[in-house]
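Below is one structure, written out as structure tokens, with a few remarks after it.
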Amino acid sequence: MIDIPTLETERLRLTALGDRHFEAYASMLADPSSTRFVGDGEPLDRMNAWRSMAMLLGHWALRGYGMWAVERKDTGAFIGRVGLHHPEGWPDLEVGWMLMPDQRHHGYATEAGRAALGFAFGTLKAPRAISLIRLENSVSERVARRLGGRQATTIDFLGNTTLVYLYHPPEADA
């Protein structure tokens, strides 16, 4: 069993992805608005949503960190995934987010992203983190800026023009 810590914020619980999240997770990944800026931009069927969840859980086993399921504390409802990602071929430790369509624009990505960065810098002692954001994804750019990220460069990543937002630990800003 993988030991995945639970993080709590004012409104959210970041917890291990599990079977109880799968229906909502598969629904999120089947929605074109959720996947248009991720991977090849195509929605995923149930089998590939399962593979995605398994990969994210395996990331915890291989790296000791990863993506969390995000639940609203008031209802327990799954609202998305947020966390840390650094699979083979990635340029650096990434903080990323994806929320259910009806849960966007409530500040949840920023709130959960802040907790994930706190884990990266506080627990993992990471020297930096990045967010990889497709050029057209202005909503995620705003989240990255609210999290304290600054655009460092633009790269071609997985065949797409991608902005690299850079984060440093809070003491690095002092």
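In the structure tokens, chains take letters A, B, ... by order of appearance, with residues numbered from 1 within each chain and ligands from 1 in the order shown.
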
Pick out the residues sitting within 6 Å of range 73-87 of chain A, and hand them over as a VMD selection string; count only C-alpha atoms, and ignore anything fewer than 5 positions along from it in its own chain. chain A and resid 11 to 13 66 to 68 93 to 100 116

Among chain A, which ones does DSSP place in alpha helix (DSSP H), written as a PyMOL selection string? chain A and resi 22-30+32-35+46-63+108-118+138-146+170-173

Could you give me the residues within range 8-159 of chain A that DSSP places in strand (DSSP E), as a PDB file with N, CA and C atoms, in the first residue's frame?
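The new file states_6.pdb reads:
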```pdb
ATOM      1  N   GLU A   8      -5.195  19.291   3.998  1.00  0.00           N
ATOM      2  CA  GLU A   8      -6.456  20.004   4.116  1.00  0.00           C
ATOM      3  C   GLU A   8      -6.223  21.493   3.995  1.00  0.00           C
ATOM      4  N   LEU A  12     -11.036  22.430   1.198  1.00  0.00           N
ATOM      5  CA  LEU A  12     -10.734  21.240   0.412  1.00  0.00           C
ATOM      6  C   LEU A  12      -9.944  20.201   1.193  1.00  0.00           C
ATOM      7  N   ARG A  13     -10.082  18.966   0.741  1.00  0.00           N
ATOM      8  CA  ARG A  13      -9.275  17.854   1.232  1.00  0.00           C
ATOM      9  C   ARG A  13      -8.572  17.250   0.020  1.00  0.00           C
ATOM     10  N   LEU A  14      -7.256  17.161   0.082  1.00  0.00           N
ATOM     11  CA  LEU A  14      -6.459  16.514  -0.950  1.00  0.00           C
ATOM     12  C   LEU A  14      -6.099  15.142  -0.406  1.00  0.00           C
ATOM     13  N   THR A  15      -6.566  14.098  -1.085  1.00  0.00           N
ATOM     14  CA  THR A  15      -6.445  12.742  -0.584  1.00  0.00           C
ATOM     15  C   THR A  15      -6.068  11.795  -1.712  1.00  0.00           C
ATOM     16  N   MET A  67      -0.161  13.294  -7.636  1.00  0.00           N
ATOM     17  CA  MET A  67      -1.438  13.998  -7.712  1.00  0.00           C
ATOM     18  C   MET A  67      -2.374  13.475  -6.626  1.00  0.00           C
ATOM     19  N   TRP A  68      -3.163  14.392  -6.097  1.00  0.00           N
ATOM     20  CA  TRP A  68      -4.201  14.038  -5.129  1.00  0.00           C
ATOM     21  C   TRP A  68      -5.569  14.163  -5.788  1.00  0.00           C
ATOM     22  N   ALA A  69      -6.528  13.392  -5.289  1.00  0.00           N
ATOM     23  CA  ALA A  69      -7.935  13.659  -5.554  1.00  0.00           C
ATOM     24  C   ALA A  69      -8.291  14.856  -4.690  1.00  0.00           C
ATOM     25  N   VAL A  70      -9.049  15.794  -5.236  1.00  0.00           N
ATOM     26  CA  VAL A  70      -9.487  16.957  -4.466  1.00  0.00           C
ATOM     27  C   VAL A  70     -10.977  16.790  -4.180  1.00  0.00           C
ATOM     28  N   GLU A  71     -11.305  16.875  -2.903  1.00  0.00           N
ATOM     29  CA  GLU A  71     -12.692  16.766  -2.459  1.00  0.00           C
ATOM     30  C   GLU A  71     -13.084  18.044  -1.733  1.00  0.00           C
ATOM     31  N   ARG A  72     -14.322  18.426  -1.889  1.00  0.00           N
ATOM     32  CA  ARG A  72     -14.855  19.530  -1.086  1.00  0.00           C
ATOM     33  C   ARG A  72     -15.098  19.006   0.324  1.00  0.00           C
ATOM     34  N   PHE A  78     -15.904  14.702  -5.110  1.00  0.00           N
ATOM     35  CA  PHE A  78     -14.691  14.797  -5.914  1.00  0.00           C
ATOM     36  C   PHE A  78     -14.844  15.977  -6.868  1.00  0.00           C
ATOM     37  N   ILE A  79     -13.851  16.878  -6.865  1.00  0.00           N
ATOM     38  CA  ILE A  79     -13.935  18.026  -7.767  1.00  0.00           C
ATOM     39  C   ILE A  79     -12.766  18.106  -8.742  1.00  0.00           C
ATOM     40  N   GLY A  80     -11.774  17.218  -8.611  1.00  0.00           N
ATOM     41  CA  GLY A  80     -10.675  17.246  -9.555  1.00  0.00           C
ATOM     42  C   GLY A  80      -9.421  16.604  -9.005  1.00  0.00           C
ATOM     43  N   ARG A  81      -8.334  16.850  -9.714  1.00  0.00           N
ATOM     44  CA  ARG A  81      -7.020  16.362  -9.287  1.00  0.00           C
ATOM     45  C   ARG A  81      -6.061  17.548  -9.277  1.00  0.00           C
ATOM     46  N   VAL A  82      -5.212  17.567  -8.281  1.00  0.00           N
ATOM     47  CA  VAL A  82      -4.192  18.611  -8.156  1.00  0.00           C
ATOM     48  C   VAL A  82      -2.986  17.972  -7.494  1.00  0.00           C
ATOM     49  N   GLY A  83      -1.813  18.372  -7.921  1.00  0.00           N
ATOM     50  CA  GLY A  83      -0.641  17.839  -7.247  1.00  0.00           C
ATOM     51  C   GLY A  83       0.631  18.005  -8.037  1.00  0.00           C
ATOM     52  N   LEU A  84       1.562  17.108  -7.745  1.00  0.00           N
ATOM     53  CA  LEU A  84       2.924  17.180  -8.246  1.00  0.00           C
ATOM     54  C   LEU A  84       3.170  16.040  -9.217  1.00  0.00           C
ATOM     55  N   HIS A  85       3.931  16.341 -10.251  1.00  0.00           N
ATOM     56  CA  HIS A  85       4.091  15.400 -11.356  1.00  0.00           C
ATOM     57  C   HIS A  85       5.495  15.565 -11.923  1.00  0.00           C
ATOM     58  N   GLU A  94       6.544  19.367 -11.650  1.00  0.00           N
ATOM     59  CA  GLU A  94       5.426  20.215 -12.057  1.00  0.00           C
ATOM     60  C   GLU A  94       4.313  20.187 -11.019  1.00  0.00           C
ATOM     61  N   VAL A  95       3.730  21.351 -10.766  1.00  0.00           N
ATOM     62  CA  VAL A  95       2.462  21.413 -10.041  1.00  0.00           C
ATOM     63  C   VAL A  95       1.381  21.617 -11.095  1.00  0.00           C
ATOM     64  N   GLY A  96       0.356  20.762 -11.039  1.00  0.00           N
ATOM     65  CA  GLY A  96      -0.687  20.827 -12.048  1.00  0.00           C
ATOM     66  C   GLY A  96      -2.059  20.643 -11.443  1.00  0.00           C
ATOM     67  N   TRP A  97      -3.068  20.953 -12.223  1.00  0.00           N
ATOM     68  CA  TRP A  97      -4.451  20.895 -11.747  1.00  0.00           C
ATOM     69  C   TRP A  97      -5.388  20.601 -12.906  1.00  0.00           C
ATOM     70  N   MET A  98      -6.492  19.939 -12.566  1.00  0.00           N
ATOM     71  CA  MET A  98      -7.602  19.709 -13.487  1.00  0.00           C
ATOM     72  C   MET A  98      -8.850  19.577 -12.621  1.00  0.00           C
ATOM     73  N   LEU A  99      -9.839  20.393 -12.921  1.00  0.00           N
ATOM     74  CA  LEU A  99     -11.071  20.363 -12.144  1.00  0.00           C
ATOM     75  C   LEU A  99     -12.267  19.980 -13.004  1.00  0.00           C
ATOM     76  N   ALA A 129       9.662  24.523  -8.559  1.00  0.00           N
ATOM     77  CA  ALA A 129       8.620  23.750  -9.240  1.00  0.00           C
ATOM     78  C   ALA A 129       8.202  24.560 -10.459  1.00  0.00           C
ATOM     79  N   ILE A 130       7.566  23.897 -11.383  1.00  0.00           N
ATOM     80  CA  ILE A 130       7.094  24.565 -12.597  1.00  0.00           C
ATOM     81  C   ILE A 130       5.636  24.189 -12.848  1.00  0.00           C
ATOM     82  N   SER A 131       4.998  24.953 -13.697  1.00  0.00           N
ATOM     83  CA  SER A 131       3.740  24.554 -14.321  1.00  0.00           C
ATOM     84  C   SER A 131       3.941  24.668 -15.822  1.00  0.00           C
ATOM     85  N   LEU A 132       3.545  23.635 -16.540  1.00  0.00           N
ATOM     86  CA  LEU A 132       3.607  23.625 -17.997  1.00  0.00           C
ATOM     87  C   LEU A 132       2.217  23.969 -18.504  1.00  0.00           C
ATOM     88  N   ILE A 133       2.092  25.105 -19.173  1.00  0.00           N
ATOM     89  CA  ILE A 133       0.782  25.625 -19.559  1.00  0.00           C
ATOM     90  C   ILE A 133       0.792  25.917 -21.057  1.00  0.00           C
ATOM     91  N   ARG A 134      -0.136  25.308 -21.753  1.00  0.00           N
ATOM     92  CA  ARG A 134      -0.254  25.546 -23.188  1.00  0.00           C
ATOM     93  C   ARG A 134      -0.542  27.019 -23.438  1.00  0.00           C
ATOM     94  N   ARG A 150       6.027  32.770 -12.111  1.00  0.00           N
ATOM     95  CA  ARG A 150       6.443  33.759 -13.104  1.00  0.00           C
ATOM     96  C   ARG A 150       6.828  33.012 -14.363  1.00  0.00           C
ATOM     97  N   GLN A 151       6.387  33.516 -15.512  1.00  0.00           N
ATOM     98  CA  GLN A 151       6.755  32.848 -16.754  1.00  0.00           C
ATOM     99  C   GLN A 151       8.255  32.963 -16.958  1.00  0.00           C
ATOM    100  N   ALA A 152       8.911  31.801 -17.060  1.00  0.00           N
ATOM    101  CA  ALA A 152      10.364  31.767 -17.186  1.00  0.00           C
ATOM    102  C   ALA A 152      10.796  31.630 -18.634  1.00  0.00           C
ATOM    103  N   THR A 153      10.059  30.857 -19.416  1.00  0.00           N
ATOM    104  CA  THR A 153      10.432  30.597 -20.799  1.00  0.00           C
ATOM    105  C   THR A 153       9.236  30.002 -21.535  1.00  0.00           C
ATOM    106  N   THR A 154       9.418  29.789 -22.805  1.00  0.00           N
ATOM    107  CA  THR A 154       8.447  29.090 -23.643  1.00  0.00           C
ATOM    108  C   THR A 154       9.192  27.957 -24.326  1.00  0.00           C
ATOM    109  N   ILE A 155       8.607  26.759 -24.308  1.00  0.00           N
ATOM    110  CA  ILE A 155       9.258  25.604 -24.915  1.00  0.00           C
ATOM    111  C   ILE A 155       8.274  24.886 -25.845  1.00  0.00           C
ATOM    112  N   ASP A 156       8.821  24.044 -26.706  1.00  0.00           N
ATOM    113  CA  ASP A 156       7.991  23.112 -27.461  1.00  0.00           C
ATOM    114  C   ASP A 156       7.966  21.845 -26.624  1.00  0.00           C
ATOM    115  N   PHE A 157       6.787  21.497 -26.109  1.00  0.00           N
ATOM    116  CA  PHE A 157       6.661  20.326 -25.249  1.00  0.00           C
ATOM    117  C   PHE A 157       5.526  19.454 -25.756  1.00  0.00           C
TER     118      PHE A 157
END
```

Taking 4 positions as the minimum chain separation for residues in the same chain, which residues sit within 12 Å of Arg36 in chain A when counting only C-alpha atoms? Answer as a short mmCIF file (atom, residue, chain, number, x, y, z; two decimals) with C-alpha atoms, in the first residue's frame.
```cif
data_model
loop_
_atom_site.label_atom_id
_atom_site.label_comp_id
_atom_site.auth_asym_id
_atom_site.auth_seq_id
_atom_site.Cartn_x
_atom_site.Cartn_y
_atom_site.Cartn_z
CA MET A 28 -13.92 14.58 -15.95
CA LEU A 29 -11.48 12.98 -18.40
CA ALA A 30 -14.28 12.24 -20.88
CA ASP A 31 -15.13 15.95 -21.04
CA PRO A 32 -13.31 17.72 -23.91
CA ASP A 40 -2.91 15.04 -27.03
CA GLY A 41 -5.93 17.21 -26.16
CA GLU A 42 -8.43 14.39 -26.66
CA PRO A 43 -10.93 13.13 -24.08
CA LEU A 44 -10.29 9.70 -22.56
CA MET A 98 -7.60 19.71 -13.49
CA ILE A 133 0.78 25.63 -19.56
CA ARG A 134 -0.25 25.55 -23.19
CA LEU A 135 -0.07 28.93 -24.88
CA GLU A 136 -3.87 29.20 -25.29
CA ASN A 137 -4.69 28.30 -21.67
CA ASN A 160 2.77 22.21 -28.38
#
```

So which residues touch Pro170 in chain A within 12 Å, counting only C-alpha atoms, skipping near sequence neighbours fewer than 6 positions away, as an MDAnalysis selection string? chainID A and resid 114 117:118 120:122 125:129 147:149

Store the residues of this selection in a file with C-alpha atoms, as a PDB file, in the first residue's frame.
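Final output, again36.pdb:
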```pdb
ATOM      1  CA  ARG A 114      -1.033  26.326  -2.867  1.00  0.00           C
ATOM      2  CA  LEU A 117       3.374  23.731  -3.496  1.00  0.00           C
ATOM      3  CA  GLY A 118       3.542  23.843   0.308  1.00  0.00           C
ATOM      4  CA  ALA A 120       6.753  20.409  -2.497  1.00  0.00           C
ATOM      5  CA  PHE A 121       8.717  23.086  -0.685  1.00  0.00           C
ATOM      6  CA  GLY A 122       8.019  22.144   2.943  1.00  0.00           C
ATOM      7  CA  LYS A 125      12.399  20.511   0.109  1.00  0.00           C
ATOM      8  CA  ALA A 126      12.194  20.985  -3.649  1.00  0.00           C
ATOM      9  CA  PRO A 127      14.364  23.899  -4.847  1.00  0.00           C
ATOM     10  CA  ARG A 128      11.745  24.903  -7.438  1.00  0.00           C
ATOM     11  CA  ALA A 129       8.620  23.750  -9.240  1.00  0.00           C
ATOM     12  CA  LEU A 147       0.248  30.842  -6.970  1.00  0.00           C
ATOM     13  CA  GLY A 148       3.269  33.138  -7.325  1.00  0.00           C
ATOM     14  CA  GLY A 149       4.564  31.678 -10.573  1.00  0.00           C
TER      15      GLY A 149
END
```

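All residues of protein, DNA or RNA that reach within 9 Å of Arg146 in chain A, judged by only C-alpha atoms and not counting those fewer than 4 positions away in the chain, are A:Thr110, A:Glu141, A:Arg142.
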
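CA of Leu17 in chain A is positioned 26.9 Å from CA of His168 in chain A.
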